[in-house]
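Visitor: Sharing a structure, written as structure tokens. Questions coming.
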Amino acid sequence: MGSLPIRALPTSLLLAALVTGQNQPAFEVASIKPVDRSVRPSGLRVGDRIDAGRAEYDSVSLTGLIGRAYRVKSYQVSAPDWASTTQFDIAAKLPDGAWLDQVPEMLQDLLIRRFKLSVHRDTREFAVYALTVGKDGPRLTPKPPDYNLSAGSLIRPLKMDDYARSLVLDRPVLDMTGLQGEFLIDVSQVNQSIADARKREREQATSSPGAPTINPQNPMESGLAGIVQKLGLKLEARKSPLPVIVVDHVEKLPSEN
């Protein structure tokens with residue numbers, strides 16, 4: 001099959017389709033297999049592979065699938081506890097002429113048909129970190145118009161929303177900088193900071209079993225707060241309302257096609 005058009009579906013058309021129930025996008029065919037984690041070989045891929053003709057989800061929890069289907073993070077899905085530990089492999093074929101931006105709606109359709117999923121939307125308050133601009137202003141390098149990413153380079157052009165998502169902490173990180181465009185950021189610093197904190201956590205647990213351990217997901221203990229500060233930014237602990245998908249019903253296993 002040739003490449004399918006990779007175009008954004010206009011929001012107004014997508015909403016109209018969802019409201020009227022007409023032209024609901026759906027996978028042409030899909031295979032769903034439960035994952036037995038007790039016999040799953042280590043080192044296998046976990047996550048998503050989506051291209052112009054196929055969508056694959058490997059070892060993704062049911063909660064994670066619902067989040068992907070409704071375009072929210074897993075922590076914004078209120079589902080039974082078992083849904084976060086029950087994992088599935090899904091391989092699905094996109095129909096001819098489909099848009100990649102329609103994949104979440106196709107996944108919605110699949111979950112509704114095969115897992116009898118029903119949900120409603122709500123808003124709840126979450127403890128978050130707000131990524132904001134420091135008092136002296138940002139120290140960021142905007143991406144030049146003629147910028148070309150070098151192979152193997154650890155300096156990447158990132159939007160602030162993407163940078164906020166890269167900060168894996170003990171609560172969600174929301175971009176509240178108001179900064180637009182892409183900036184050149186050394187992405188290795190975040191990963192190295194977390195890796196160093198986890199190493200210190202293991203060493204401390206071994207040398208001082210009774211002492212309070214380092215929390216690698218705390219920005220002050222992991223060193224991430226300092227890395228963010230060097231960019232002229234800061235992390236503020238706040239509470240913020242976020243949209244939530246509340247699961248009213250979902251089956252533990254999918255039905256047959």
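Labels for the structure tokens follow display order: chains A, B, ..., residues from 1 in each chain, ligands from 1.
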Excluding A:Gly137 and residues on its chain fewer than 5 positions from it, collect all residues at most 12 Å away from it, counting only C-alpha atoms, and give them as a PDB file with all heavy atoms, in the first residue's frame.

Guide:
ATOM      1  N   THR A 132       7.763  28.312  34.590  1.00  0.00           N
ATOM      2  CA  THR A 132       7.580  29.744  34.369  1.00  0.00           C
ATOM      3  C   THR A 132       8.932  30.400  34.082  1.00  0.00           C
ATOM      4  O   THR A 132       9.992  29.786  34.217  1.00  0.00           O
ATOM      5  CB  THR A 132       6.936  30.413  35.594  1.00  0.00           C
ATOM      6  OG1 THR A 132       7.829  30.286  36.723  1.00  0.00           O
ATOM      7  CG2 THR A 132       5.598  29.764  35.943  1.00  0.00           C
ATOM      8  N   THR A 177       5.153  29.426  30.602  1.00  0.00           N
ATOM      9  CA  THR A 177       6.139  30.467  30.304  1.00  0.00           C
ATOM     10  C   THR A 177       5.577  31.541  29.386  1.00  0.00           C
ATOM     11  O   THR A 177       6.026  32.687  29.423  1.00  0.00           O
ATOM     12  CB  THR A 177       7.380  29.864  29.625  1.00  0.00           C
ATOM     13  OG1 THR A 177       6.990  29.267  28.373  1.00  0.00           O
ATOM     14  CG2 THR A 177       8.022  28.792  30.503  1.00  0.00           C
ATOM     15  N   GLY A 178       4.636  31.163  28.528  1.00  0.00           N
ATOM     16  CA  GLY A 178       4.136  32.102  27.531  1.00  0.00           C
ATOM     17  C   GLY A 178       5.107  32.304  26.383  1.00  0.00           C
ATOM     18  O   GLY A 178       4.857  33.146  25.503  1.00  0.00           O
ATOM     19  N   LEU A 179       6.207  31.541  26.350  1.00  0.00           N
ATOM     20  CA  LEU A 179       7.215  31.698  25.298  1.00  0.00           C
ATOM     21  C   LEU A 179       6.797  30.905  24.058  1.00  0.00           C
ATOM     22  O   LEU A 179       6.430  29.743  24.151  1.00  0.00           O
ATOM     23  CB  LEU A 179       8.573  31.202  25.794  1.00  0.00           C
ATOM     24  CG  LEU A 179       9.147  31.941  27.015  1.00  0.00           C
ATOM     25  CD1 LEU A 179      10.424  31.262  27.489  1.00  0.00           C
ATOM     26  CD2 LEU A 179       9.425  33.404  26.676  1.00  0.00           C
ATOM     27  N   GLN A 229      16.838  26.420  36.072  1.00  0.00           N
ATOM     28  CA  GLN A 229      17.214  27.778  36.457  1.00  0.00           C
ATOM     29  C   GLN A 229      18.292  28.347  35.536  1.00  0.00           C
ATOM     30  O   GLN A 229      18.297  29.543  35.236  1.00  0.00           O
ATOM     31  CB  GLN A 229      17.699  27.789  37.904  1.00  0.00           C
ATOM     32  CG  GLN A 229      17.897  29.183  38.489  1.00  0.00           C
ATOM     33  CD  GLN A 229      18.232  29.121  39.966  1.00  0.00           C
ATOM     34  OE1 GLN A 229      18.621  28.077  40.482  1.00  0.00           O
ATOM     35  NE2 GLN A 229      18.084  30.242  40.652  1.00  0.00           N
ATOM     36  N   LYS A 230      19.203  27.514  35.065  1.00  0.00           N
ATOM     37  CA  LYS A 230      20.251  27.982  34.150  1.00  0.00           C
ATOM     38  C   LYS A 230      19.679  28.484  32.834  1.00  0.00           C
ATOM     39  O   LYS A 230      20.331  29.248  32.120  1.00  0.00           O
ATOM     40  CB  LYS A 230      21.258  26.855  33.895  1.00  0.00           C
ATOM     41  CG  LYS A 230      22.129  26.523  35.095  1.00  0.00           C
ATOM     42  CD  LYS A 230      23.073  25.376  34.782  1.00  0.00           C
ATOM     43  CE  LYS A 230      23.931  25.022  35.988  1.00  0.00           C
ATOM     44  NZ  LYS A 230      24.828  23.868  35.718  1.00  0.00           N
ATOM     45  N   LEU A 231      18.471  28.042  32.496  1.00  0.00           N
ATOM     46  CA  LEU A 231      17.799  28.505  31.276  1.00  0.00           C
ATOM     47  C   LEU A 231      16.965  29.752  31.523  1.00  0.00           C
ATOM     48  O   LEU A 231      16.252  30.217  30.628  1.00  0.00           O
ATOM     49  CB  LEU A 231      16.898  27.388  30.732  1.00  0.00           C
ATOM     50  CG  LEU A 231      17.596  26.090  30.319  1.00  0.00           C
ATOM     51  CD1 LEU A 231      16.569  25.053  29.876  1.00  0.00           C
ATOM     52  CD2 LEU A 231      18.614  26.334  29.214  1.00  0.00           C
ATOM     53  N   GLY A 232      17.062  30.289  32.747  1.00  0.00           N
ATOM     54  CA  GLY A 232      16.263  31.463  33.081  1.00  0.00           C
ATOM     55  C   GLY A 232      14.808  31.121  33.358  1.00  0.00           C
ATOM     56  O   GLY A 232      13.924  31.976  33.251  1.00  0.00           O
ATOM     57  N   LEU A 233      14.567  29.855  33.738  1.00  0.00           N
ATOM     58  CA  LEU A 233      13.215  29.387  34.022  1.00  0.00           C
ATOM     59  C   LEU A 233      13.152  28.891  35.450  1.00  0.00           C
ATOM     60  O   LEU A 233      14.164  28.801  36.144  1.00  0.00           O
ATOM     61  CB  LEU A 233      12.829  28.259  33.056  1.00  0.00           C
ATOM     62  CG  LEU A 233      13.013  28.531  31.561  1.00  0.00           C
ATOM     63  CD1 LEU A 233      12.742  27.275  30.750  1.00  0.00           C
ATOM     64  CD2 LEU A 233      12.109  29.672  31.099  1.00  0.00           C
ATOM     65  N   LYS A 234      11.963  28.557  35.923  1.00  0.00           N
ATOM     66  CA  LYS A 234      11.822  27.993  37.261  1.00  0.00           C
ATOM     67  C   LYS A 234      10.596  27.102  37.324  1.00  0.00           C
ATOM     68  O   LYS A 234       9.680  27.201  36.492  1.00  0.00           O
ATOM     69  CB  LYS A 234      11.731  29.101  38.313  1.00  0.00           C
ATOM     70  CG  LYS A 234      10.551  30.042  38.155  1.00  0.00           C
ATOM     71  CD  LYS A 234      10.564  31.106  39.256  1.00  0.00           C
ATOM     72  CE  LYS A 234       9.390  32.075  39.100  1.00  0.00           C
ATOM     73  NZ  LYS A 234       9.357  33.091  40.158  1.00  0.00           N
TER      74      LYS A 234
END

Visitor: Enter the distance from atom CA of A:Gln87 to atom CA of A:Gly47, in Å, rounded to one decimal.

Guide: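 Computing the Euclidean distance for atom CA of A:Gln87 and atom CA of A:Gly47 yields 11.0 Å.
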
Visitor: Show which residues sit within 12 Å of A:Ala127, as an NGL selection string. Count only C-alpha atoms, and ignore same-chain residues fewer than 6 positions away.

Guide: :A and (75 or 169-174 or 236-242)

Visitor: Pick out the closest residue to A:Pro157 from this set: A:Gln102, A:Thr141, A:Ser74, A:Asn191. Count only C-alpha atoms.

Guide: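 Residue with the minimum atom-to-atom distance to A:Pro157: A:Thr141.
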
Visitor: Show which residues sit within 10 Å of stretch 142-145 of chain A, as a list in words. Count only C-alpha atoms, and ignore same-chain residues fewer than 5 positions away.

Guide: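 That gives Arg156, Pro157, Leu158, Lys159, Gln180, Gly181, Glu182, Phe183, Leu184 and Ile185 of chain A.
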
Visitor: Rounded to one decimal in Å, what is the spacing between atom CA of A:Leu140 and atom CA of A:Val72?

Guide: 28.2 Å

Visitor: Could you state the separation of atom CA of A:Val190 and atom CA of A:Ala55 in Å, given to one decimal place?

Guide: 29.3 Å

Visitor: To test your reading of the structure, identify every residue in stretch 16-247 of chain A that backbone DSSP assigns to alpha helix (DSSP H), and report it as a ChimeraX atom specification.

Guide: /A:16-20,62-69,103-115,160-166,188-207,219-222,224-230

Visitor: Any chance you could export the current selection's C-alpha atoms as an mmCIF file, in the first residue's frame?

Guide:
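Output file out-v3.cif follows:
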data_model
loop_
_atom_site.group_PDB
_atom_site.id
_atom_site.type_symbol
_atom_site.label_atom_id
_atom_site.label_comp_id
_atom_site.auth_asym_id
_atom_site.auth_seq_id
_atom_site.Cartn_x
_atom_site.Cartn_y
_atom_site.Cartn_z
ATOM 1 C CA ALA A 16 -18.831 17.812 13.571
ATOM 2 C CA ALA A 17 -18.143 14.158 12.856
ATOM 3 C CA LEU A 18 -18.000 13.330 16.557
ATOM 4 C CA VAL A 19 -21.181 15.243 17.365
ATOM 5 C CA THR A 20 -23.264 13.830 14.550
ATOM 6 C CA LEU A 62 -5.570 0.070 29.146
ATOM 7 C CA THR A 63 -5.395 3.384 31.012
ATOM 8 C CA GLY A 64 -2.635 4.498 28.648
ATOM 9 C CA LEU A 65 -4.700 3.503 25.617
ATOM 10 C CA ILE A 66 -7.686 5.483 26.887
ATOM 11 C CA GLY A 67 -5.444 8.497 27.425
ATOM 12 C CA ARG A 68 -4.116 8.258 23.884
ATOM 13 C CA ALA A 69 -7.628 7.861 22.491
ATOM 14 C CA VAL A 103 -5.744 7.892 14.842
ATOM 15 C CA PRO A 104 -6.889 8.874 18.385
ATOM 16 C CA GLU A 105 -10.516 8.840 17.213
ATOM 17 C CA MET A 106 -9.946 5.459 15.571
ATOM 18 C CA LEU A 107 -8.559 4.175 18.867
ATOM 19 C CA GLN A 108 -11.645 5.571 20.627
ATOM 20 C CA ASP A 109 -13.861 3.619 18.238
ATOM 21 C CA LEU A 110 -11.828 0.445 18.840
ATOM 22 C CA LEU A 111 -12.036 0.743 22.629
ATOM 23 C CA ILE A 112 -15.752 1.468 22.519
ATOM 24 C CA ARG A 113 -16.501 -1.508 20.261
ATOM 25 C CA ARG A 114 -14.108 -4.093 21.669
ATOM 26 C CA PHE A 115 -13.892 -3.088 25.368
ATOM 27 C CA MET A 160 8.428 25.019 25.784
ATOM 28 C CA ASP A 161 5.484 22.629 26.000
ATOM 29 C CA ASP A 162 7.695 19.793 24.760
ATOM 30 C CA TYR A 163 10.445 20.762 27.186
ATOM 31 C CA ALA A 164 7.961 20.764 30.080
ATOM 32 C CA ARG A 165 6.838 17.248 29.111
ATOM 33 C CA SER A 166 10.453 16.053 29.116
ATOM 34 C CA SER A 188 21.015 15.263 27.652
ATOM 35 C CA GLN A 189 21.105 17.361 30.835
ATOM 36 C CA VAL A 190 17.637 16.305 31.968
ATOM 37 C CA ASN A 191 18.276 12.595 31.416
ATOM 38 C CA GLN A 192 21.705 12.762 33.051
ATOM 39 C CA SER A 193 20.313 14.593 36.086
ATOM 40 C CA ILE A 194 17.660 11.928 36.637
ATOM 41 C CA ALA A 195 20.184 9.108 36.065
ATOM 42 C CA ASP A 196 22.609 10.669 38.587
ATOM 43 C CA ALA A 197 19.834 11.079 41.159
ATOM 44 C CA ARG A 198 18.770 7.449 40.757
ATOM 45 C CA LYS A 199 22.389 6.349 41.211
ATOM 46 C CA ARG A 200 22.651 8.413 44.420
ATOM 47 C CA GLU A 201 19.342 6.912 45.567
ATOM 48 C CA ARG A 202 20.686 3.361 45.115
ATOM 49 C CA GLU A 203 24.006 4.172 46.777
ATOM 50 C CA GLN A 204 22.321 5.813 49.760
ATOM 51 C CA ALA A 205 19.885 2.932 50.169
ATOM 52 C CA THR A 206 22.845 0.531 50.278
ATOM 53 C CA SER A 207 25.091 2.544 52.597
ATOM 54 C CA PRO A 219 13.267 18.622 41.123
ATOM 55 C CA MET A 220 15.195 19.890 44.142
ATOM 56 C CA GLU A 221 16.687 16.484 44.985
ATOM 57 C CA SER A 222 17.423 15.427 41.399
ATOM 58 C CA LEU A 224 16.497 19.449 37.702
ATOM 59 C CA ALA A 225 15.536 22.699 39.421
ATOM 60 C CA GLY A 226 19.106 23.925 38.909
ATOM 61 C CA ILE A 227 19.154 22.876 35.249
ATOM 62 C CA VAL A 228 15.900 24.727 34.604
ATOM 63 C CA GLN A 229 17.214 27.778 36.457
ATOM 64 C CA LYS A 230 20.251 27.982 34.150
#

Visitor: Smallest atom-to-atom distance to A:Trp99: which of A:Leu235, A:Val244, A:Val168, A:Ala52, using only C-alpha atoms?

Guide: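 Selected residue with least distance to A:Trp99: A:Ala52.
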
Visitor: DSSP on the backbone, then: every residue of stretch 150-181 of chain A marked strand (DSSP E or B), written as a short mmCIF file (atom, residue, chain, number, x, y, z; two decimals) with N, CA and C atoms, in the first residue's frame.

Guide:
data_model
loop_
_atom_site.label_atom_id
_atom_site.label_comp_id
_atom_site.auth_asym_id
_atom_site.auth_seq_id
_atom_site.Cartn_x
_atom_site.Cartn_y
_atom_site.Cartn_z
N ILE A 155 21.82 18.85 21.17
CA ILE A 155 21.15 20.15 21.18
C ILE A 155 19.96 20.05 20.25
N ARG A 156 18.77 20.14 20.79
CA ARG A 156 17.55 19.96 19.99
C ARG A 156 16.67 21.19 20.04
N PRO A 157 15.99 21.50 18.93
CA PRO A 157 14.99 22.57 18.97
C PRO A 157 13.71 22.07 19.63
N LEU A 158 13.29 22.74 20.69
CA LEU A 158 12.10 22.32 21.43
C LEU A 158 11.19 23.50 21.70
N LYS A 159 9.90 23.25 21.61
CA LYS A 159 8.92 24.20 22.13
C LYS A 159 8.87 24.03 23.64
N VAL A 173 4.16 18.54 34.79
CA VAL A 173 4.79 19.83 34.54
C VAL A 173 4.04 20.52 33.41
N LEU A 174 3.53 21.72 33.68
CA LEU A 174 2.76 22.48 32.70
C LEU A 174 3.55 23.69 32.24
N ASP A 175 3.57 23.92 30.94
CA ASP A 175 4.24 25.10 30.41
C ASP A 175 3.39 26.33 30.66
#

Visitor: Could you list, as a short mmCIF file (atom, residue, chain, number, x, y, z; two decimals) with C-alpha atoms, in the first residue's frame, every residue within 6 Å of stretch 89-93 of chain A, counting only C-alpha atoms and ignoring same-chain residues fewer than 3 positions away?

Guide:
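Done, and the output landed in selection_32.cif:
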data_model
loop_
_atom_site.label_atom_id
_atom_site.label_comp_id
_atom_site.auth_asym_id
_atom_site.auth_seq_id
_atom_site.Cartn_x
_atom_site.Cartn_y
_atom_site.Cartn_z
CA PHE A 27 -9.35 1.22 11.84
CA GLU A 28 -9.84 -1.05 8.86
CA VAL A 29 -8.78 -4.07 10.93
CA ALA A 30 -7.18 -4.43 14.36
CA SER A 31 -5.60 -7.19 16.44
CA ILE A 32 -5.66 -6.90 20.25
CA LYS A 33 -3.60 -9.28 22.40
CA ARG A 54 -0.37 1.30 10.46
CA ALA A 55 -0.75 1.99 14.18
CA GLU A 56 0.92 -0.26 16.74
CA TYR A 57 0.79 -0.06 20.54
CA ASP A 58 3.18 -2.42 22.36
CA SER A 59 2.68 -3.33 26.03
#
